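Beneath this line is the structure, given in structure tokens, with notes to follow.
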Amino acid sequence: MSSNNHYDVTAWPVGNPFDDIGEVINSILADIKDRQTVADANNGGKPGAVIYIPPGDYHLRTQVVIDVSFLRIHGSGHGFTSSSIRFNVPDDEWPDLHELWPGGSRILVDIPLTGDEEESQGAAFYVERTGSPRISSVEFSDFCIDGVHFTSDGSELHPENTYVNGKTGIYVANANDSFRVAGMGFVYLENALTIYHADALSVHDNFIAECGSCIELRGWGQASKITDNLIGAGFKGHSIYAENHGGLLITANNVFPRGASSVHLDGVTRSSVTNNRLHSFYPGMVVLAANSSEILVATNHFLRDHEPWTPFFGVDNGLDDLNGLLRISGSNNSVVGNHFSQIIDSQRIRPQGARPVVIRLVAGAGNFVSNNHVVAMDVRTTSNDSCYSAQVDALLTTEAADGLAVTTVMVDSESARNTILDSGSETQVVADRTVNALRPTPTIGF
């Protein structure tokens, strides 16, 4: 027996999904609400629905507004491919490329924007419902949301390299419970995911890259997780950002370089950043700000090196090398068993002649920093017109480099009563020994 709660956008009689899938999905949502009106019937009443998007290219000119629970929108493939690489390939090479655009079940965000709109108005999917209970169990899976083009920001950068276009993939405006975003592809959006007031949110196994910002959890929230994603923001935005969250789990993500930060937590407490591979072209990779406290930062791999791709050579996030790769303003955090690779050109250190800082405790008290390993090398940097080969060459090069003098841990005067164990030699740790406990890493011949 077929179910009337399963919809295929290509079989729905209202609208043309290839011309405006937004109109089609909004019509389907209206049908769900027209049919599911009883809140309690036979211990049920509003089961929600599934909306299927087959493989294909679907323009979205009308914003989808979601105000029902138990809704799953899914496709048959996240379809990610690098638009940034293509736009930086000479035009005369385009005819030889196997494909030019992302694929799979792909939504092209064509909402007309003038530049004066509120941020939420540029969202392909806008989730908004007030009242009780909170909107729950809305799921997005296995399709691609493509912003198609970036626009000029007034700088000298090519317009396709600005990460600016006013478009958002999914924008959740109100308190929500048990949302899932899984197996999705996001590309060329100024903001991929913007979610307010999340409770038990799962952002898992997505490909979110070449977006201004990738994942932003705003307002407040609890008990959510960001796991097993491939993520890479632009130089103006965050790869992972959260504010005022408790019980947040950030684990097993592979975060690509170029984002202004890999992980930025603002007022976050009792959460974990563990087992991630983090790569950045700038300082300020992981930031615990605004009294972020009781956070476990453990067994992550940090790699900081220089941008090797010609179109972005010289672009940075504005921070100097005294900022720290991991910067903490908060109390009672644990920083344990992380590996830091600082592989940079000493001639490009800012301020000139400074010793780059790896872990910096800026404010707070009672932080525990233990058994972190720092590898610091001085390498001569070059640029390459091929994004893929440039980054692979940089990642695999471990020879012909000299050691680089760094400060592994710096403790500012506003931070005290910290314990620092085996995370740098006596000369590599800068801290007031009268208000902080220190056991330096033994050196050879000690």
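Please note that chains go A, B, ... in the order of the structure tokens, that every chain numbers its residues from 1, and that ligands are numbered from 1 in the order shown.
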For A:Val411: contacts at 8 Å, only C-alpha atoms, fewer than 4 positions along chain excluded, given as a ChimeraX atom specification: /A:360-362,415-416,430-432
Put those residues in a file: C-alpha atoms, as a short mmCIF file (atom, residue, chain, number, x, y, z; two decimals), in the first residue's frame.
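Contents of result.cif, freshly written:
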data_model
loop_
_atom_site.label_atom_id
_atom_site.label_comp_id
_atom_site.auth_asym_id
_atom_site.auth_seq_id
_atom_site.Cartn_x
_atom_site.Cartn_y
_atom_site.Cartn_z
CA ARG A 360 47.83 30.95 24.54
CA LEU A 361 45.93 31.28 27.81
CA VAL A 362 44.57 34.81 27.71
CA SER A 415 45.16 33.94 33.49
CA ALA A 416 46.33 32.20 36.66
CA VAL A 430 56.15 31.58 29.06
CA ALA A 431 54.26 31.76 32.35
CA ASP A 432 54.50 33.32 35.80
#
Point out the residue among A:Gly185, A:Pro112, A:Gly246, A:Gly364 with the least atom-to-atom distance to A:Gly232, counting only C-alpha atoms.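 Selected residue with least distance to A:Gly232: A:Gly185.
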I'd like the neighbourhood of stretch 298-302 of chain A as an NGL selection string, where a residue qualifies if any of its atoms comes within 12 Å (using only C-alpha atoms), though same-chain residues fewer than 3 positions away should be ignored. :A and (249-257 or 261-263 or 271-286 or 295 or 305 or 324-326 or 333-343 or 358-359 or 368-376)
Could you make a table, as JSON lines, of the residues of stretch 66-96 of chain A that have an atom within 9 Å of an atom of stretch 34-48 of chain A, each with its nearest atom pair and distance in Å to one decimal, counting only C-alpha atoms, in chain and number order?
{"residue": "A:Val68", "atom": "CA", "partner": "A:Gly48", "partner_atom": "CA", "distance": 7.2}
{"residue": "A:Ser69", "atom": "CA", "partner": "A:Gly48", "partner_atom": "CA", "distance": 6.2}
{"residue": "A:Phe70", "atom": "CA", "partner": "A:Gly48", "partner_atom": "CA", "distance": 4.6}
{"residue": "A:Leu71", "atom": "CA", "partner": "A:Gly48", "partner_atom": "CA", "distance": 5.3}
{"residue": "A:Arg72", "atom": "CA", "partner": "A:Gly48", "partner_atom": "CA", "distance": 8.2}
Write the selection just made, keeping C-alpha atoms, as a short mmCIF file (atom, residue, chain, number, x, y, z; two decimals), in the first residue's frame?
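Output saved as result.cif:
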data_model
loop_
_atom_site.label_atom_id
_atom_site.label_comp_id
_atom_site.auth_asym_id
_atom_site.auth_seq_id
_atom_site.Cartn_x
_atom_site.Cartn_y
_atom_site.Cartn_z
CA VAL A 68 5.89 21.42 10.49
CA SER A 69 7.64 18.76 12.55
CA PHE A 70 8.62 15.25 11.49
CA LEU A 71 9.63 16.31 8.00
CA ARG A 72 12.40 14.67 6.00
#
